[in-house]
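Student: Got a structure here, written out as structure tokens. Questions coming.
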Amino acid sequence: MNELNTMTEQAPHSPERRRFVGAAAAVAGLAVVPGVMLYEVADARPEDQPASSAVRWGMLVDATRCASGCSDCVTACSTENGWTPVAQSEHPRQAPQWIRKLQLEDPLTQAQINLPMLCQHCAEPPCVDVCPTGASFKRADGIVLVNRHTCIGCRYCMMACPYKARSLVHEPLNDTQKPDVPRGMGCVEACTFCVQKIDRGDGTTACAEACAAAGHNAILFGDLNDPESEISKRLRELPTKQVRADLKLNLGVRYHGI
Amino acid sequence: MASITFREVEGSSLKYWLLFGALGLFVLFGALAWNTMHHHGHVITGMDNQIVWGLPHVFAVFLIVAASGALNVASIASVFNKPMYKPLAPLSAILSLALLAGGLLVLVLDLGRSDRLIVAMTNFNLKSMFTWNVFLYSGFFALVGIYLWTMLDRSVKSWTKTAGTAAFLWRLILTTGTGSLFGFLISRELYGTGLLAPMFIIMSFAYGLAIYLMVLAAAYAWTGRPLGDAVMLRLKTLLAVFVAAVLYFVAVHHLTNLYFTKAHAVEAFILRDGGAITSLFWIGQILIGCVIPLVILLTALGRQRAWLMIACALVILGGIAQMYVTIIGAQAYPLDMFPGFKASSSFFDGEVHPYTPSTPELFLGLGGVAVALLMTTFAVKVLRLLPVSLDDATVAKLDQH
Amino acid sequence: MKSLLALGAVALTTAALAWAGAEAQPKAGGAPVPVITKAAKGEHCVEDTAYMRRNHMKLLLVHRDRTVLQGIRTPKHSLKGCIDCHASEATGSVASAKEDFCVSCHSYAAVKIDCFDCHSTKPQRTTAMNPSHPHAASVSANVEEMAGVSR
């Protein structure tokens with residue numbers, strides 16, 4: 001984890017990073033940091049352009065590669081987004097968890113599956129349907145977010161989410177937020193697909209980076225709309241499932257090995 | 001039609017002010033509870049990221065449902081043209097307004113950002129059942145307000161039936177909306193059914209009538225005005241029908257689930273293994289809320305005023321238990337994201353979620369009840385809502401016409 | 001009972017006076033006026049100072065919706081941009097001490113802001129360390145300009 005910390009702290013400021021990404025686009029396949037390839041360089045959009053529906057961000061989780069006992073993705077998420085890890089929280093039942101490691105066991109066969117569970121970034125999100133103020137919304141590029149300026153903390157989205165992906169901030173945060181990741185007491189929050197990194201042009205998320213850095217490569221992030229993206233290619237090869245596919249919510253996160 | 005004299009309650013006795021003060025005290029406690037919750041955040045409540053709606057929602061939804069039902073008596077009088085109920089109608093209307101106000105207050109003060117209420121009033125997502133409820137509540141206030149006006153002001157009296165019918169239809173839609181808050185949720189096994197809408201309507205009939213009967217009897221007993229048995233016994237029979245209907249809907253709901261294998265686990269949780277939730281279901285909701293009241297109401301016991309009041313109180317307590325089971329019970333049972341697998345995580349997946357309401361939550365809920373009763377207490381003092389006499393002779397004269 | 005109340009009132013008034021007396025802020029006719037510290041970084045603001053004083057909230061509001069809803073994160077007119085330049089040298093924040101940039105003026109104008117219920121009041125550490133933005137050494141208060149009185 002220390003490796004990852006130094007990595008994020010040394011990351012250049014956004015405009016510089018963006019120019020850097022632009023330069024990287026010229027040299028396709030350049031390794032930015034060891035173990036992390038910039039697969040999605042083609043999706044980097046100019047800073048002053050809105051997110052576009054030409055892109056649909058998504059994630060492929062290979063549960064067969066997800067290591068039991070490893071929670072690097074969870075730690076990386078909490079570091080990137082500034083939420084207190086549940087183990088350090090004084091109120092674990094009320095602590096927000098944007099991503100969590102889920103252990104599954106088949107009671108009949110004792111077969112075990114490990115996987116990270118997070119906001120599935122549905123194409124038809126129930127949380128967006130039920131939100132009275134429209135604070136819960138889906139961005140053009142498929143990322144489901146909470147607009148904290150209009151969230152009134154009614155928690156109806158938490159009632160509606162089939163994945164228990166959302167958390168309410170139960171206690172004051174006392175200015176511990178990251179400048180790029182506003183969070184506040186009384187508002188609901190969830191995984192944002194590291195939207196601040198996406199907008200910066202990183203083309204990946206903290207959890208995917210951490211999983212790759214740990215050598216597991218169980219999380220692949222990218223543009224589902226681009227047939228040439230690494231994630232699209234892998235999705236064509238690997239059989240994957242959507243969690244609660246019966247609900248037909250068309251999820252942005254697909255799992256292999258469940 | 002025989003004339004009925006309505007008069008304000010004098011409200012200058014020590015007893016009146018004691019009642020007023022006691023209710024005011026609970027309103028104050030409720031305000032303090034809100035202030036504490038607002039300052040410290042929901043961390044001081046028993047709610048967490050698993051049980052996201054707690055005791056305040058139990059009270060709020062109960063009051064909102066009961067509000068619609070409290071209008072029963074007025075609807076029977078104006079919509080179904082039963083002259084005997086006409087003198088009872090104004091209290092019915094004011095009580096329903098007061099209960100709705102109390103319920104909404106609790107709902108709103110339990111928001112994570114209750115300071116941002118204006119946002120809820122200015123940003124609408126029309127696909128949200130909550131948004132529809134905001135319109136339904138506002139419309140209910142307006143329509144019942146107009147209805148009350150037509151009853152109190154002789155110059156607009158001819159509009160009573162129109163206004164009463166509009167209010168009647170609106171409150172059916174309102175409670176459909178309240179039931180659909182839960183009925184339109186796909187994620188939990190106990191919700192996601194259209195049955196919840198009619199079930200909430202019939203629940204509203206029972207709760208609202210029980211509260212109405214208690215308030216009516218209390219108002220007449222404490223002001224020393226005569227209240228005959230004719231009125232009470234008719235309403236008693238009606239209450240028995242409503243309570244039986246609630247029991248019917250609850251049975252159909254659970255029997256449907258019991259038929260579907262996928263819902264067996266959650267039904268087992270509610271009906272057998274749920275600990276406090278199971279006790280609340282069988283003892284609170286079924287025994288106290290339905291069976292005992294039915295026994296009282298359908299036997300000779302119900303002819304005695306004291307027993308009738310006990311039956312009403314039990315229906316109300318059972319109603320709160322039913323709301324608790326409906327709201328908390330459904331959340332306490334873990335979401336089944338991976339059918340066939342046993343799940344575990346740091347986020348309490350795969351476990352039954354415990355919930356212990358905190359003191360602020362309780363007092364916030366009771367504050368809402370107190371607001372409703374305080375508004376009613378004040379309204380009967382300043383408005384001519386209550387007939388001077390409802391003894392059997394007066395009421396009998398009404399029925400002859 | 002009455003004497004208790006009176007005692008309480010006296011105690012409160014004394015405390016309030018003592019607090020007001022200890023105020024280090026400059027005053028105009030007895031009322032404390034805001035401390036407006038010149039931004040630590042940069043030559044000038046993204047708009048004229050006078051324009052910003054009247055309209056910063058409108059610019060922020062428009063930019064906030066573009067950022068949240070569309071993902072446009074240009075630094076100009078962004079809250080992060082304000083914080084990057086205006087964070088106080090002493091506290092590193094725009095709103096953690098009474099004399100910090102945002103709080104100082106907003107408490108004077110009695111306009112409650114809830115930006116910092118959710119937003120960090122401090123610039124990103126990486127930018128603070130960025131050598132391309134030399135910190136201005138002098139911190140001067142231009143209270144006169146704002147309040148129209150001399151100190």
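A note on labels: chains of the structure tokens are A, B, ... as shown, every chain counts residues from 1, and ligands are counted from 1 in their shown order.
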Which residues of chain C come within 12 Å of chain B, and for each one, what is the closest pair of atoms and their distance in Å to one decimal, counting only C-alpha atoms, sorted by chain and residue number, as CSV?

Tutor:
```
residue,atom,partner,partner_atom,distance
C:Asp114,CA,B:Asp115,CA,10.6
C:Asp117,CA,B:Arg113,CA,10.8
C:Cys118,CA,B:Arg113,CA,12.0
```

Student: Sorted by chain and rising residue number, list the residues of chain C at most 6 Å from chain A (counting only C-alpha atoms), each with its closest atom pair and distance in Å to one decimal, as a Markdown table.

Tutor:
```
| residue | atom | partner | partner_atom | distance |
| --- | --- | --- | --- | --- |
| C:Gln70 | CA | A:Pro50 | CA | 4.8 |
| C:Gly71 | CA | A:Pro50 | CA | 5.7 |
| C:Ile72 | CA | A:Asp48 | CA | 5.5 |
| C:Asp117 | CA | A:Gly184 | CA | 5.6 |
| C:Cys118 | CA | A:Gly184 | CA | 4.1 |
| C:His119 | CA | A:Pro182 | CA | 4.6 |
| C:Ser120 | CA | A:Pro179 | CA | 5.1 |
| C:Gln124 | CA | A:Pro179 | CA | 5.7 |
```

Student: Write out the residues from the selection above, keeping N, CA and C atoms, as a compact mmCIF listing (two decimals), in the first residue's frame.

Tutor:
```txt
# COMPACT_ATOMS: atom_id res chain seq x y z
N GLN C 70 -21.57 17.44 -15.48
CA GLN C 70 -20.95 17.16 -16.77
C GLN C 70 -19.49 16.77 -16.68
N GLY C 71 -18.91 16.96 -15.52
CA GLY C 71 -17.51 16.57 -15.36
C GLY C 71 -16.51 17.56 -15.92
N ILE C 72 -16.94 18.82 -16.09
CA ILE C 72 -16.01 19.84 -16.57
C ILE C 72 -15.30 20.44 -15.37
N ASP C 117 -19.32 22.24 4.41
CA ASP C 117 -19.91 21.04 5.00
C ASP C 117 -19.39 19.82 4.24
N CYS C 118 -19.16 20.00 2.96
CA CYS C 118 -18.72 18.88 2.12
C CYS C 118 -17.33 19.09 1.53
N HIS C 119 -17.02 20.34 1.16
CA HIS C 119 -15.74 20.58 0.48
C HIS C 119 -14.61 20.79 1.47
N SER C 120 -13.45 20.32 1.09
CA SER C 120 -12.25 20.59 1.88
C SER C 120 -11.96 22.09 1.82
N GLN C 124 -5.19 21.18 -2.56
CA GLN C 124 -4.57 19.88 -2.70
C GLN C 124 -3.08 20.01 -2.35
```

Student: Using only C-alpha atoms and a cut-off of 7 Å, which residues of chain B sit close to chain A? Please list them as number ranges by chain.

Tutor: B: 40-43, 48-49, 52, 111-114, 116, 119-120, 123-125, 127-131, 185-187, 337, 340-347

Student: The selected residues should be written to file as a PDB file, in the first residue's frame (atoms: C-alpha atoms).

Tutor:
```
ATOM      1  CA  HIS B  40     -24.358  15.223  15.755  1.00  0.00           C
ATOM      2  CA  GLY B  41     -25.645  13.496  12.666  1.00  0.00           C
ATOM      3  CA  HIS B  42     -27.385  10.161  12.424  1.00  0.00           C
ATOM      4  CA  VAL B  43     -24.463   8.575  14.242  1.00  0.00           C
ATOM      5  CA  ASP B  48     -26.945   2.710  10.169  1.00  0.00           C
ATOM      6  CA  ASN B  49     -26.116   1.841   6.586  1.00  0.00           C
ATOM      7  CA  VAL B  52     -31.504   3.204   6.897  1.00  0.00           C
ATOM      8  CA  LEU B 111     -33.694  13.799   6.774  1.00  0.00           C
ATOM      9  CA  GLY B 112     -29.911  13.734   6.725  1.00  0.00           C
ATOM     10  CA  ARG B 113     -30.074  17.341   5.569  1.00  0.00           C
ATOM     11  CA  SER B 114     -33.295  18.577   7.128  1.00  0.00           C
ATOM     12  CA  ARG B 116     -32.362  21.647   2.939  1.00  0.00           C
ATOM     13  CA  VAL B 119     -34.378  21.745  -2.101  1.00  0.00           C
ATOM     14  CA  ALA B 120     -37.056  19.083  -1.861  1.00  0.00           C
ATOM     15  CA  ASN B 123     -36.173  20.086  -7.306  1.00  0.00           C
ATOM     16  CA  PHE B 124     -38.446  17.351  -8.534  1.00  0.00           C
ATOM     17  CA  ASN B 125     -37.792  13.995 -10.108  1.00  0.00           C
ATOM     18  CA  LYS B 127     -40.231   9.302 -11.592  1.00  0.00           C
ATOM     19  CA  SER B 128     -39.824   9.213  -7.812  1.00  0.00           C
ATOM     20  CA  MET B 129     -42.701   8.051  -5.659  1.00  0.00           C
ATOM     21  CA  PHE B 130     -41.397  10.444  -3.012  1.00  0.00           C
ATOM     22  CA  THR B 131     -41.893  13.389  -5.353  1.00  0.00           C
ATOM     23  CA  LEU B 185     -38.982  -0.885  -4.438  1.00  0.00           C
ATOM     24  CA  ILE B 186     -37.468  -3.768  -6.366  1.00  0.00           C
ATOM     25  CA  SER B 187     -34.623  -4.604  -4.065  1.00  0.00           C
ATOM     26  CA  MET B 337     -27.521 -10.594  -4.095  1.00  0.00           C
ATOM     27  CA  GLY B 340     -27.740 -19.866  -3.343  1.00  0.00           C
ATOM     28  CA  PHE B 341     -24.616 -18.479  -1.704  1.00  0.00           C
ATOM     29  CA  LYS B 342     -23.865 -17.553   1.877  1.00  0.00           C
ATOM     30  CA  ALA B 343     -22.368 -14.078   1.863  1.00  0.00           C
ATOM     31  CA  SER B 344     -20.197 -12.303   4.422  1.00  0.00           C
ATOM     32  CA  SER B 345     -18.365  -8.986   4.412  1.00  0.00           C
ATOM     33  CA  SER B 346     -17.263  -6.024   6.499  1.00  0.00           C
ATOM     34  CA  PHE B 347     -20.534  -4.384   5.422  1.00  0.00           C
TER      35      PHE B 347
END
```

Student: Find the distance between CA of Phe182 in chain B and CA of Val325 in chain B and write it in Å to one decimal.

Tutor: 12.7 Å

Student: Quick one: residues within 12 Å of Val46 in chain C, only C-alpha atoms, excluding same-chain residues fewer than 5 positions away - as a list in words?

Tutor: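 Here the answer would be Ala39, Tyr51, Met52, Arg53, His56, Leu59, Pro75, Lys76, His77, Ser78, Leu79, Gly81, Cys82 and Cys85 of chain C.
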
Student: For the selection just defined, write its residues with C-alpha atoms to a file, as a short mmCIF file (atom, residue, chain, number, x, y, z; two decimals), in the first residue's frame.

Tutor:
```cif
data_model
loop_
_atom_site.label_atom_id
_atom_site.label_comp_id
_atom_site.auth_asym_id
_atom_site.auth_seq_id
_atom_site.Cartn_x
_atom_site.Cartn_y
_atom_site.Cartn_z
CA ALA C 39 -4.17 35.84 -2.16
CA TYR C 51 -16.83 41.88 -9.90
CA MET C 52 -15.81 38.91 -7.81
CA ARG C 53 -17.02 40.52 -4.61
CA HIS C 56 -18.42 35.06 -7.01
CA LEU C 59 -19.85 32.00 -10.96
CA PRO C 75 -9.84 25.58 -12.67
CA LYS C 76 -11.27 29.02 -13.58
CA HIS C 77 -14.36 29.80 -11.47
CA SER C 78 -13.98 26.56 -9.56
CA LEU C 79 -14.14 26.47 -5.78
CA GLY C 81 -9.37 27.39 -7.81
CA CYS C 82 -10.46 29.89 -5.15
CA CYS C 85 -5.00 30.88 -4.18
#
```

Student: Given only C-alpha atoms as the basis, pick out the residue of A:Leu115, A:Ala190, A:Ala206, A:Val253 nearest to Cys66 in chain A.

Tutor: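 Of A:Leu115, A:Ala190, A:Ala206, A:Val253, the one nearest Cys66 in chain A, counting only C-alpha atoms, is A:Leu115.
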
Student: Using only C-alpha atoms, determine which residues lie at most 10 Å from Ala313 in chain B, disregarding the query and same-chain residues fewer than 2 positions distant; provide the list as an NGL selection string.

Tutor: :B and (207 or 210-211 or 213-214 or 288-289 or 293 or 307-311 or 315-319)

Student: One number please: CA of Arg171 in chain B to CA of Val295 in chain B, in Å, one decimal.

Tutor: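 Distance between the two atoms: 29.2 Å.
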
Student: Pick out each residue of range 32-186 of chain A that DSSP on the backbone tags as strand (DSSP E or B); I need them as a ChimeraX atom specification.

Tutor: /A:32-33,36-37,57-62,99-105,112-118,136-138,144-146,167-168,178,181
